[in-house]
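One file, model00.txt, carrying compact mmCIF, C-alpha atoms:
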# COMPACT_ATOMS: atom_id res chain seq x y z
CA MET A 542 -47.81 59.11 18.52
CA GLY A 543 -44.32 59.35 20.00
CA LYS A 544 -45.55 57.62 23.14
CA HIS A 545 -47.17 54.82 21.10
CA PHE A 546 -44.01 54.37 19.11
CA ALA A 547 -41.89 54.18 22.25
CA LYS A 548 -44.31 51.62 23.76
CA SER A 549 -44.38 49.49 20.61
CA PHE A 550 -40.63 49.70 20.30
CA GLY A 551 -40.21 48.69 23.93
CA LEU A 552 -42.60 45.76 23.51
CA LEU A 553 -40.87 44.60 20.36
CA ALA A 554 -37.47 44.82 22.00
CA SER A 555 -38.71 42.79 25.00
CA VAL A 556 -40.21 40.11 22.74
CA LEU A 557 -36.98 39.91 20.76
CA ALA A 558 -34.93 39.69 23.94
CA LEU A 559 -37.17 36.94 25.27
CA CYS A 560 -36.98 35.08 21.99
CA SER A 561 -33.20 35.12 21.96
CA LEU A 562 -33.15 33.99 25.59
CA GLY A 563 -35.54 31.17 24.78
CA PHE A 564 -33.46 30.13 21.81
CA ALA A 565 -30.28 30.05 23.82
CA GLN A 566 -31.94 28.05 26.59
CA THR A 567 -33.67 25.59 24.30
CA TYR A 568 -30.75 24.74 22.10
CA GLY A 569 -27.87 25.51 24.42
CA THR A 570 -29.12 23.43 27.34
CA LYS A 571 -27.69 19.94 27.59
CA GLY A 572 -30.20 17.28 28.48
CA TYR A 573 -33.20 19.21 27.12
CA ALA A 574 -35.82 16.86 25.76
CA PRO A 575 -38.80 18.07 23.71
CA GLY A 576 -42.04 17.28 25.53
CA ALA A 577 -40.23 16.23 28.70
CA TRP A 578 -37.53 18.20 30.54
CA LYS A 579 -37.76 21.88 29.70
CA PRO A 580 -34.51 23.84 29.91
CA GLU A 581 -35.59 25.63 33.09
CA GLU A 582 -36.21 22.26 34.78
CA LEU A 583 -32.59 21.20 34.43
CA PRO A 584 -29.69 22.09 36.73
CA PRO A 585 -27.71 24.91 35.08
CA GLU A 586 -24.46 23.03 35.81
CA LEU A 587 -25.34 20.58 33.05
CA SER A 588 -24.81 23.27 30.45
CA LYS A 589 -21.59 24.63 31.85
CA PRO A 590 -18.40 23.51 30.13
CA LYS A 591 -16.94 20.54 31.93
CA PRO A 592 -13.44 20.95 33.30
CA PHE A 593 -10.85 18.95 31.40
CA ASN A 594 -7.12 18.40 31.63
CA THR A 595 -5.58 20.65 28.98
CA HIS A 596 -2.38 18.60 29.12
CA ASP A 597 -4.18 15.39 28.24
CA LEU A 598 -4.02 15.21 24.45
CA SER A 599 -4.69 11.49 24.43
CA GLY A 600 -7.28 10.13 22.09
CA VAL A 601 -7.98 9.61 18.41
CA TRP A 602 -8.23 12.74 16.29
CA SER A 603 -9.17 13.57 12.71
CA MET A 604 -9.70 16.66 10.60
CA PRO A 605 -13.31 17.77 10.05
CA THR A 606 -12.61 18.25 6.35
CA LYS A 607 -13.92 17.05 3.02
CA GLY A 608 -11.62 14.82 1.00
CA PHE A 609 -8.04 16.07 1.03
CA GLU A 610 -8.92 19.76 1.26
CA LYS A 611 -6.38 20.53 3.99
CA HIS A 612 -3.20 19.04 2.69
CA SER A 613 -0.35 21.34 3.61
CA LEU A 614 0.73 23.88 6.18
CA THR A 615 -1.53 26.43 4.59
CA SER A 616 -4.66 26.18 2.53
CA LYS A 617 -2.86 27.68 -0.49
CA PRO A 618 0.22 25.55 -0.69
CA LEU A 619 1.07 25.93 -4.39
CA ALA A 620 4.42 27.48 -5.26
CA LEU A 621 3.85 30.77 -7.05
CA GLU A 622 5.64 29.74 -10.22
CA HIS A 623 3.24 26.84 -10.71
CA VAL A 624 0.04 28.82 -10.36
CA PRO A 625 -1.56 30.60 -13.34
CA ALA A 626 -0.82 34.32 -13.31
CA GLU A 627 -4.49 35.14 -12.71
CA MET A 628 -4.44 33.05 -9.53
CA LYS A 629 -1.42 34.65 -7.90
CA GLN A 630 -1.46 33.80 -4.25
CA THR A 631 0.07 35.81 -1.53
CA SER A 632 2.38 34.82 1.27
CA VAL A 633 2.38 31.03 1.04
CA PRO A 634 4.54 29.10 0.71
CA PRO A 635 7.44 31.48 1.27
CA PRO A 636 9.78 32.05 -1.66
CA MET A 637 12.07 29.11 -2.29
CA THR A 638 15.82 29.23 -2.57
CA ALA A 639 17.45 28.06 -5.81
CA TRP A 640 17.96 24.68 -4.13
CA GLY A 641 14.30 24.55 -3.10
CA LYS A 642 13.11 25.43 -6.61
CA ALA A 643 15.34 22.81 -8.17
CA ARG A 644 13.95 20.19 -5.78
CA LEU A 645 10.37 21.23 -6.57
CA ASP A 646 11.07 21.01 -10.31
CA GLU A 647 12.25 17.41 -9.88
CA THR A 648 8.90 16.39 -8.45
CA LYS A 649 6.23 14.74 -10.61
CA VAL A 650 3.10 15.07 -8.53
CA SER A 651 -0.32 13.45 -8.59
CA TYR A 652 -2.32 16.40 -7.24
CA GLY A 653 -2.94 19.99 -8.32
CA PRO A 654 -2.18 21.79 -11.56
CA ARG A 655 1.17 20.01 -12.04
CA SER A 656 -0.38 16.52 -11.88
CA VAL A 657 1.00 13.77 -14.07
CA PRO A 658 -0.93 10.55 -14.78
CA PRO A 659 -0.79 7.96 -12.00
CA GLY A 660 2.08 5.56 -12.41
CA THR A 661 4.24 8.16 -14.16
CA GLY A 662 5.06 10.36 -11.17
CA ASN A 663 7.66 10.16 -8.44
CA ASP A 664 5.61 10.86 -5.32
CA PRO A 665 7.21 8.71 -2.59
CA VAL A 666 3.72 7.64 -1.54
CA SER A 667 3.23 5.76 -4.81
CA THR A 668 5.95 3.26 -3.87
CA CYS A 669 4.75 3.04 -0.26
CA ASP A 670 7.77 5.00 1.01
CA PRO A 671 7.29 6.71 4.37
CA LEU A 672 5.31 9.93 4.25
CA GLY A 673 7.50 11.62 6.88
CA TYR A 674 6.39 14.54 8.96
CA PRO A 675 4.54 16.89 8.76
CA ARG A 676 3.09 15.31 5.59
CA ASP A 677 1.74 12.37 7.56
CA LEU A 678 -0.38 14.76 9.61
CA TRP A 679 -2.40 15.78 6.52
CA GLU A 680 -3.55 12.16 6.30
CA ALA A 681 -5.92 13.08 9.14
CA ASN A 682 -8.14 14.46 6.36
CA LEU A 683 -9.00 10.83 5.65
CA ARG A 684 -7.71 8.66 8.49
CA PRO A 685 -7.22 9.59 12.12
CA PHE A 686 -4.10 9.65 14.28
CA GLU A 687 -3.78 9.05 17.97
CA PHE A 688 -1.93 10.76 20.81
CA VAL A 689 -0.81 8.49 23.63
CA VAL A 690 0.58 10.41 26.58
CA ALA A 691 3.17 8.85 28.90
CA SER A 692 5.12 10.49 31.71
CA ASP A 693 8.31 10.91 29.67
CA ARG A 694 6.99 11.15 26.11
CA VAL A 695 4.01 11.77 23.90
CA LEU A 696 3.50 9.21 21.16
CA GLN A 697 1.80 10.22 17.97
CA HIS A 698 0.41 7.09 16.34
CA MET A 699 -0.27 7.56 12.64
CA GLN A 700 -2.68 5.09 11.09
CA TYR A 701 -1.07 4.98 7.64
CA HIS A 702 1.94 2.62 7.85
CA ASP A 703 1.26 2.25 11.59
CA VAL A 704 3.95 4.82 12.42
CA TRP A 705 4.75 5.82 16.03
CA ARG A 706 6.37 9.25 16.28
CA THR A 707 8.07 9.87 19.62
CA ILE A 708 8.04 13.31 21.24
CA TRP A 709 10.30 13.30 24.29
CA ILE A 710 8.99 15.43 27.18
CA ASP A 711 11.58 14.29 29.76
CA GLY A 712 13.71 17.43 29.61
CA ARG A 713 16.30 16.26 27.09
CA ALA A 714 17.52 18.65 24.41
CA LEU A 715 17.46 17.92 20.67
CA PRO A 716 20.37 15.78 19.50
CA LYS A 717 23.36 17.78 18.21
CA ASP A 718 24.12 15.96 14.97
CA PRO A 719 21.62 13.17 14.40
CA ASP A 720 21.45 10.81 11.47
CA PRO A 721 18.53 11.73 9.23
CA ALA A 722 15.22 10.06 10.11
CA TRP A 723 11.97 9.84 8.15
CA TYR A 724 10.06 11.37 11.08
CA GLY A 725 12.93 13.44 12.53
CA TYR A 726 13.67 13.79 16.24
CA SER A 727 11.28 15.63 18.53
CA ILE A 728 11.21 17.09 22.01
CA GLY A 729 8.26 18.79 23.69
CA LYS A 730 7.57 21.04 26.64
CA TRP A 731 4.48 22.62 28.10
CA GLU A 732 4.11 26.40 27.98
CA GLY A 733 0.91 26.88 29.94
CA ASP A 734 -1.78 25.00 28.03
CA THR A 735 0.32 24.67 24.90
CA LEU A 736 2.55 21.70 24.08
CA VAL A 737 5.47 23.11 22.10
CA ILE A 738 7.22 20.48 19.99
CA ASP A 739 10.57 21.18 18.33
CA SER A 740 11.90 18.78 15.73
CA ILE A 741 15.01 18.40 13.55
CA GLY A 742 16.96 15.67 11.77
CA TYR A 743 14.59 15.00 8.89
CA ASP A 744 15.44 12.88 5.89
CA ASP A 745 15.11 15.18 2.87
CA ARG A 746 13.61 12.49 0.64
CA THR A 747 10.12 13.13 2.01
CA TRP A 748 7.85 15.87 0.66
CA LEU A 749 5.97 18.37 2.80
CA ASP A 750 2.71 17.68 0.99
CA HIS A 751 1.34 15.99 -2.11
CA PHE A 752 2.04 19.12 -4.16
CA GLY A 753 5.74 18.28 -3.95
CA ASN A 754 6.81 21.19 -1.75
CA PRO A 755 10.30 20.21 -0.65
CA HIS A 756 12.31 20.44 2.54
CA SER A 757 15.97 19.86 3.27
CA ASP A 758 17.79 18.05 6.07
CA GLN A 759 18.11 21.49 7.69
CA MET A 760 14.36 21.73 8.34
CA ARG A 761 13.33 22.70 11.85
CA LEU A 762 9.70 22.37 12.76
CA GLN A 763 7.97 23.92 15.72
CA GLU A 764 4.42 22.79 16.51
CA ARG A 765 2.19 24.42 19.10
CA TRP A 766 -0.63 22.05 20.12
CA ARG A 767 -3.53 23.09 22.31
CA ARG A 768 -6.60 21.23 23.54
CA VAL A 769 -9.18 23.97 23.28
CA ASP A 770 -12.09 21.87 24.55
CA PRO A 771 -12.57 18.21 25.46
CA ASP A 772 -13.13 17.26 21.82
CA THR A 773 -11.00 19.72 19.87
CA LEU A 774 -7.27 20.12 19.28
CA GLU A 775 -5.57 22.94 17.44
CA VAL A 776 -2.06 23.18 16.08
CA THR A 777 -0.05 25.87 14.39
CA MET A 778 3.42 25.18 13.11
CA THR A 779 6.40 27.13 11.92
CA LEU A 780 8.75 25.51 9.46
CA THR A 781 12.22 27.02 9.18
CA ASP A 782 14.45 25.68 6.44
CA PRO A 783 16.97 28.21 5.09
CA LYS A 784 18.28 25.71 2.54
CA ALA A 785 14.84 25.40 0.88
CA TYR A 786 12.92 28.59 1.82
CA THR A 787 14.02 32.20 2.20
CA GLU A 788 11.65 32.77 5.14
CA PRO A 789 9.89 30.65 7.75
CA TRP A 790 6.60 29.07 6.61
CA VAL A 791 3.92 29.66 9.23
CA SER A 792 0.94 27.35 9.02
CA ASP A 793 -2.74 28.10 9.31
CA LYS A 794 -4.38 27.13 12.57
CA ILE A 795 -5.31 23.51 11.93
CA THR A 796 -8.20 21.95 13.83
CA PHE A 797 -8.73 18.31 14.77
CA VAL A 798 -11.82 16.79 16.33
CA ARG A 799 -12.20 13.63 18.34
CA ALA A 800 -12.72 10.74 15.92
CA LYS A 801 -15.46 8.19 16.41
CA ALA A 802 -13.46 5.21 15.23
CA ALA A 803 -10.34 3.65 16.66
CA ILE A 804 -7.01 3.42 14.84
CA PHE A 805 -6.53 0.21 12.93
CA GLU A 806 -3.84 -1.33 10.77
CA GLU A 807 -3.42 0.26 7.39
CA ILE A 808 -0.11 -0.65 5.83
CA CYS A 809 0.84 0.38 2.32
CA ALA A 810 2.31 -2.87 1.05
CA PRO A 811 4.66 -2.45 -1.94
CA SER A 812 3.81 -5.90 -3.34
CA GLU A 813 0.09 -5.13 -3.22
CA GLU A 814 0.56 -1.74 -4.85
CA ASN A 815 2.72 -3.31 -7.59
CA ARG A 816 0.05 -5.91 -8.26
CA PHE A 817 -2.62 -3.20 -8.43
CA ASN A 818 -0.49 -1.17 -10.86
CA ASP A 819 0.26 -4.22 -13.02
CA ARG A 820 -3.34 -5.32 -13.26
CA VAL A 821 -5.35 -2.09 -13.16
CA ARG A 822 -3.59 1.23 -13.33
CA ASP A 823 -0.76 0.77 -15.82
CA ALA A 824 -3.30 -0.10 -18.49
CA ALA A 825 -5.32 3.01 -17.68
CA VAL A 826 -2.41 5.27 -18.57
CA GLY A 827 -1.23 3.23 -21.56
CA LYS A 828 1.81 1.68 -19.84
CA SER A 829 0.58 -1.84 -20.49
CA LYS A 830 -2.17 -3.72 -22.31
CA PRO A 831 -5.38 -4.51 -20.41
CA MET B 504 -12.86 46.88 -13.75
CA LYS B 505 -16.12 44.99 -13.29
CA PHE B 506 -15.25 42.85 -16.31
CA LYS B 507 -11.83 42.05 -14.87
CA PHE B 508 -13.41 41.09 -11.58
CA ALA B 509 -15.91 38.84 -13.35
CA ILE B 510 -13.09 37.10 -15.21
CA TYR B 511 -11.24 36.63 -11.94
CA VAL B 512 -14.33 35.14 -10.29
CA ILE B 513 -14.83 32.75 -13.21
CA LEU B 514 -11.17 31.72 -13.09
CA VAL B 515 -11.28 31.09 -9.37
CA ALA B 516 -14.52 29.14 -9.70
CA SER B 517 -13.10 27.06 -12.56
CA PHE B 518 -9.96 26.32 -10.58
CA LEU B 519 -11.97 25.27 -7.56
CA MET B 520 -14.24 23.04 -9.65
CA LEU B 521 -11.17 21.49 -11.23
CA GLY B 522 -9.67 20.99 -7.81
CA ILE B 523 -12.52 18.89 -6.44
CA PRO B 524 -12.12 15.83 -8.65
CA LEU B 525 -8.34 16.23 -8.67
CA SER B 526 -8.27 15.94 -4.94
CA ALA B 527 -10.00 12.59 -4.87
CA HIS B 528 -7.42 9.97 -5.82
CA HIS B 529 -3.85 10.26 -6.95
CA GLY B 530 -3.87 11.66 -10.46
CA THR B 531 -7.52 10.79 -11.00
CA GLY B 532 -8.22 13.99 -12.88
CA VAL B 533 -5.27 13.39 -15.18
CA ALA B 534 -5.97 9.77 -16.02
CA TYR B 535 -9.77 9.62 -15.97
CA GLU B 536 -12.68 11.60 -17.41
CA VAL B 537 -13.96 12.90 -14.11
CA ASP B 538 -17.03 14.53 -15.67
CA LYS B 539 -18.06 11.46 -17.67
CA LEU B 540 -19.56 8.16 -16.52
CA VAL B 541 -19.80 4.82 -18.31
CA THR B 542 -21.78 1.78 -17.24
CA ILE B 543 -20.50 -1.69 -18.12
CA LYS B 544 -22.19 -5.04 -17.50
CA GLY B 545 -19.67 -7.78 -16.94
CA THR B 546 -18.46 -10.86 -15.12
CA VAL B 547 -15.95 -10.63 -12.29
CA VAL B 548 -12.51 -12.08 -13.02
CA ASP B 549 -10.69 -10.99 -9.87
CA TRP B 550 -11.11 -8.73 -6.84
CA LEU B 551 -7.99 -7.13 -5.40
CA TRP B 552 -8.62 -6.24 -1.77
CA SER B 553 -5.31 -4.49 -1.25
CA ASN B 554 -3.60 -1.45 0.17
CA PRO B 555 -3.44 1.32 -0.81
CA HIS B 556 -5.87 0.63 -3.67
CA CYS B 557 -8.48 -1.99 -4.36
CA GLY B 558 -9.10 -3.18 -7.91
CA LEU B 559 -12.00 -4.95 -9.60
CA LEU B 560 -11.26 -6.88 -12.80
CA PHE B 561 -14.16 -7.98 -14.96
CA ASP B 562 -14.81 -9.14 -18.51
CA ALA B 563 -17.47 -7.64 -20.73
CA THR B 564 -18.51 -7.95 -24.35
CA ASP B 565 -18.45 -4.81 -26.48
CA GLU B 566 -21.01 -3.84 -29.15
CA LYS B 567 -19.03 -5.78 -31.78
CA GLY B 568 -19.08 -8.93 -29.71
CA ASN B 569 -15.43 -8.73 -28.64
CA LEU B 570 -14.39 -9.76 -25.15
CA VAL B 571 -12.93 -6.78 -23.27
CA HIS B 572 -10.91 -7.07 -20.06
CA TRP B 573 -12.07 -4.22 -17.83
CA GLY B 574 -10.53 -2.97 -14.64
CA ALA B 575 -11.79 -0.52 -12.05
CA GLU B 576 -9.81 1.19 -9.35
CA LEU B 577 -11.13 1.89 -5.87
CA GLY B 578 -9.78 3.43 -2.68
CA ASN B 579 -8.17 1.90 0.37
CA PRO B 580 -9.72 -1.12 2.06
CA HIS B 581 -10.43 1.06 5.13
CA GLN B 582 -12.42 3.50 3.02
CA MET B 583 -14.15 0.77 1.09
CA SER B 584 -15.09 -1.19 4.20
CA GLY B 585 -16.74 1.96 5.55
CA ALA B 586 -18.88 1.95 2.40
CA GLY B 587 -19.96 -1.66 2.76
CA PHE B 588 -17.32 -3.31 0.57
CA GLY B 589 -15.39 -6.26 1.99
CA LYS B 590 -12.74 -8.75 1.00
CA ASP B 591 -15.49 -11.17 -0.05
CA SER B 592 -17.67 -8.66 -1.92
CA PHE B 593 -16.88 -10.23 -5.31
CA LYS B 594 -15.82 -13.63 -6.53
CA PRO B 595 -14.90 -14.77 -10.02
CA GLY B 596 -18.00 -15.41 -12.09
CA ASP B 597 -20.23 -12.85 -10.31
CA LYS B 598 -22.39 -10.78 -12.65
CA ILE B 599 -22.02 -7.07 -11.99
CA THR B 600 -22.91 -3.69 -13.48
CA ALA B 601 -20.10 -1.21 -12.86
CA THR B 602 -20.39 2.55 -13.35
CA GLY B 603 -17.33 4.76 -13.28
CA HIS B 604 -15.23 7.47 -14.86
CA PRO B 605 -13.48 6.05 -17.94
CA ALA B 606 -9.73 6.32 -18.64
CA LYS B 607 -8.77 9.24 -20.87
CA SER B 608 -6.46 6.89 -22.77
CA GLY B 609 -9.45 4.95 -24.07
CA ALA B 610 -8.25 1.79 -22.32
CA PRO B 611 -10.98 -0.28 -20.64
CA ARG B 612 -10.25 1.13 -17.23
CA MET B 613 -12.35 3.24 -14.89
CA THR B 614 -12.29 4.72 -11.45
CA LEU B 615 -15.37 3.21 -9.86
CA ASP B 616 -18.36 5.34 -8.94
CA HIS B 617 -20.71 2.51 -7.95
CA VAL B 618 -21.40 -1.12 -8.71
CA VAL B 619 -24.66 -3.09 -8.75
CA LEU B 620 -24.38 -6.74 -7.75
CA ALA B 621 -26.38 -9.64 -9.20
CA ASP B 622 -28.78 -9.54 -6.23
CA GLY B 623 -29.55 -5.87 -6.87
CA ARG B 624 -27.47 -4.45 -4.02
CA MET B 625 -25.55 -1.30 -4.88
CA LEU B 626 -22.17 -0.43 -3.43
CA SER B 627 -20.70 3.04 -3.76
CA GLY B 628 -17.46 4.47 -2.45
CA LYS B 629 -18.65 8.06 -2.76
CA GLY B 630 -18.41 10.22 0.33
CA VAL B 631 -16.38 7.73 2.30
CA LYS B 632 -13.63 9.29 4.34
CA GLY B 633 -12.23 6.25 6.06
CA ASN B 634 -12.68 4.55 9.42
CA GLY B 635 -16.42 4.63 8.86
CA GLU B 636 -16.56 8.42 8.60
CA HIS B 637 -18.24 10.17 5.71
CA ASP B 638 -18.22 13.50 4.01
CA ASP B 639 -20.31 14.83 1.17
CA SER B 640 -17.44 15.52 -1.20
CA SER B 641 -16.80 13.62 -4.38
CA TYR B 642 -14.14 11.41 -2.86
For the file at hand, write its structure as structure tokens.
Amino acid sequence: MGKHFAKSFGLLASVLALCSLGFAQTYGTKGYAPGAWKPEELPPELSKPKPFNTHDLSGVWSMPTKGFEKHSLTSKPLALEHVPAEMKQTSVPPPMTAWGKARLDETKVSYGPRSVPPGTGNDPVSTCDPLGYPRDLWEANLRPFEFVVASDRVLQHMQYHDVWRTIWIDGRALPKDPDPAWYGYSIGKWEGDTLVIDSIGYDDRTWLDHFGNPHSDQMRLQERWRRVDPDTLEVTMTLTDPKAYTEPWVSDKITFVRAKAAIFEEICAPSEENRFNDRVRDAAVGKSKP
Amino acid sequence: MKFKFAIYVILVASFLMLGIPLSAHHGTGVAYEVDKLVTIKGTVVDWLWSNPHCGLLFDATDEKGNLVHWGAELGNPHQMSGAGFGKDSFKPGDKITATGHPAKSGAPRMTLDHVVLADGRMLSGKGVKGNGEHDDSSY
């Protein structure tokens, strides 16, 4: 009995092992074609990862997300005081300073539990003001961005508003006392396979996300970008802003995949948005007659 | 304890369900009945192919015979073009049947779900992410 059991067990184990091998070969082999080339007929090199230049971030990238599901540094970006008690979140965003809270309270947002009707809020996006950074990066939920790599700089081309963010990689340091800029000032350097971007000098009129999380002109942002395979980029960022937050805000690891489409012009035109509001939206929220 | 957990699960689920329509357009969940659809037959007055929102204006007659000036809001041209809409999709006088989520205010406004043209073609902006990409969310 014991012998039979051992034999059966051995047989079963071999069959299972073979099955898993077959599965891996069939579906893990590049170039396999049902009814034609079987996996074992193909050179094994085809299935090996192709070498790629980890420092070449160039290309068009988007987030593999649904709708606007990834729209802040972390997936739970709501300030604790604006979340129902039952939904208390932990850790993110970090506690705000009194200044940060006051700035948040001034915001009238169009997303999340604090939403106000469209046309009655003060989200800068509703008047076609610049999104700033990092908020513009969350647009990759819906529209891609592009990295263009030159010898002295990396250009991040954002589709919305056709913005070109410059990241200097020529060895210069950050400016000492720059005038505020919508997209700040950025320098980058390679640490192994990771491009580390440090930025300062942000205009504090932009929001961090569409939930109205604020930042001040003291914000420092560090991004760590890595090309993990030919078609995938990852970034984590640390936002330090002692005027607005009592601790640094460390982001989730955010993934981007190579987009199929190219970047094209998509400008938010204030006159077009005004016309849309006049003719469609203001009537919806009772601001005007249809 | 189990009861508390169940309540928590229900709350989380409700919040998530609420979050899906809210995430679609700016303030959509506040201004429009996201769980209700109306269908209106009308005649196109104007088609706004504009950034960051497109708009479709059309006239319809209500059950009392009154002329009502309807308006529907849509997404960006880049999203809409990925769904088959274009700058010439509608012209004044076209007969259409528009289905969308009505304004909470009761005004004749909707956020468009889909529209059927006079020739029977249907255009829908659902699941369009932009630049020709799609997802299966309620965007």
Handout entry: Shell around Asp622 of chain B at 12 Å using all atoms listed in the file, local window under 3 positions removed, as a VMD selection string
Key = chain B and resid 592 to 593 597 to 600 618 to 619 625 to 626
Fill in the blank from the handout: With distances taken over all atoms listed in the file, the candidate from A:Arg655, A:Lys717, A:Arg761, A:His698 nearest chain B is A:Arg655
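Note that atom CA of Gly753 of chain A and atom CA of Ser651 of chain A are 9.0 Å apart.
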For segment 544-585 of chain B against segment 675-693 of chain A, with a cut-off of 12 Å and counting all atoms listed in the file, what is the closest atom pair and its distance in Å to one decimal for every residue that makes the cut, ordered by chain and number, as a Markdown table?
| residue | atom | partner | partner_atom | distance |
| --- | --- | --- | --- | --- |
| B:Gly578 | CA | A:Leu683 | CA | 11.2 |
| B:Asn579 | CA | A:Leu683 | CA | 10.4 |
| B:Pro580 | CA | A:Arg684 | CA | 11.9 |
| B:His581 | CA | A:Arg684 | CA | 8.7 |
| B:Gln582 | CA | A:Leu683 | CA | 8.5 |
| B:Gly585 | CA | A:Arg684 | CA | 11.6 |
Taking only C-alpha atoms into account, produce a table as CSV in which each residue of chain A with an atom at most 7 Å from an atom of chain B appears once, together with its shortest atom pair and the distance in Å to one decimal, ordered by chain and rising number.
residue,atom,partner,partner_atom,distance
A:Lys607,CA,B:Asp638,CA,5.7
A:Gly608,CA,B:Tyr642,CA,5.7
A:Phe609,CA,B:Ser526,CA,6.0
A:Glu627,CA,B:Tyr511,CA,7.0
A:Ser651,CA,B:Gly530,CA,4.4
A:Tyr652,CA,B:Gly530,CA,5.9
A:Gly653,CA,B:Leu525,CA,6.6
A:Ser656,CA,B:Gly530,CA,6.1
A:Val657,CA,B:Val533,CA,6.4
A:Pro658,CA,B:Val533,CA,5.2
A:Pro659,CA,B:Gly530,CA,5.1
A:Leu683,CA,B:Lys632,CA,5.1
A:Arg684,CA,B:Gly633,CA,5.7
A:Ala802,CA,B:Asn634,CA,5.9
A:Ile808,CA,B:Asn554,CA,6.7
A:Cys809,CA,B:Asn554,CA,5.3
A:Ala810,CA,B:Asn554,CA,6.1
A:Glu813,CA,B:Ser553,CA,5.8
A:Glu814,CA,B:Pro555,CA,6.5
A:Phe817,CA,B:Gly558,CA,6.5
A:Val821,CA,B:Gly574,CA,5.5
A:Ala824,CA,B:Ala610,CA,6.5
A:Ala825,CA,B:Arg612,CA,5.3
A:Val826,CA,B:Ser608,CA,6.1
A:Gly827,CA,B:Ser608,CA,6.5
A:Pro831,CA,B:His572,CA,6.1
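Among the candidate residues A:Asp745, A:Asp597, A:Glu586, A:Asp793, the one lying nearest to Asp720 of chain A is A:Asp745, with distances computed using only C-alpha atoms.
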Problem - Straight-line distance linking atom CA of Phe797 of chain A with atom CA of Ser599 of chain A, stated in Å to one decimal - result: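 If I compute the distance from atom CA of Phe797 of chain A to atom CA of Ser599 of chain A, I get 12.5 Å.
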Fill in the blank from the handout: Expressed in Å, the length from atom CA of Leu736 of chain A to atom CA of Arg799 of chain A is 17.8 Å
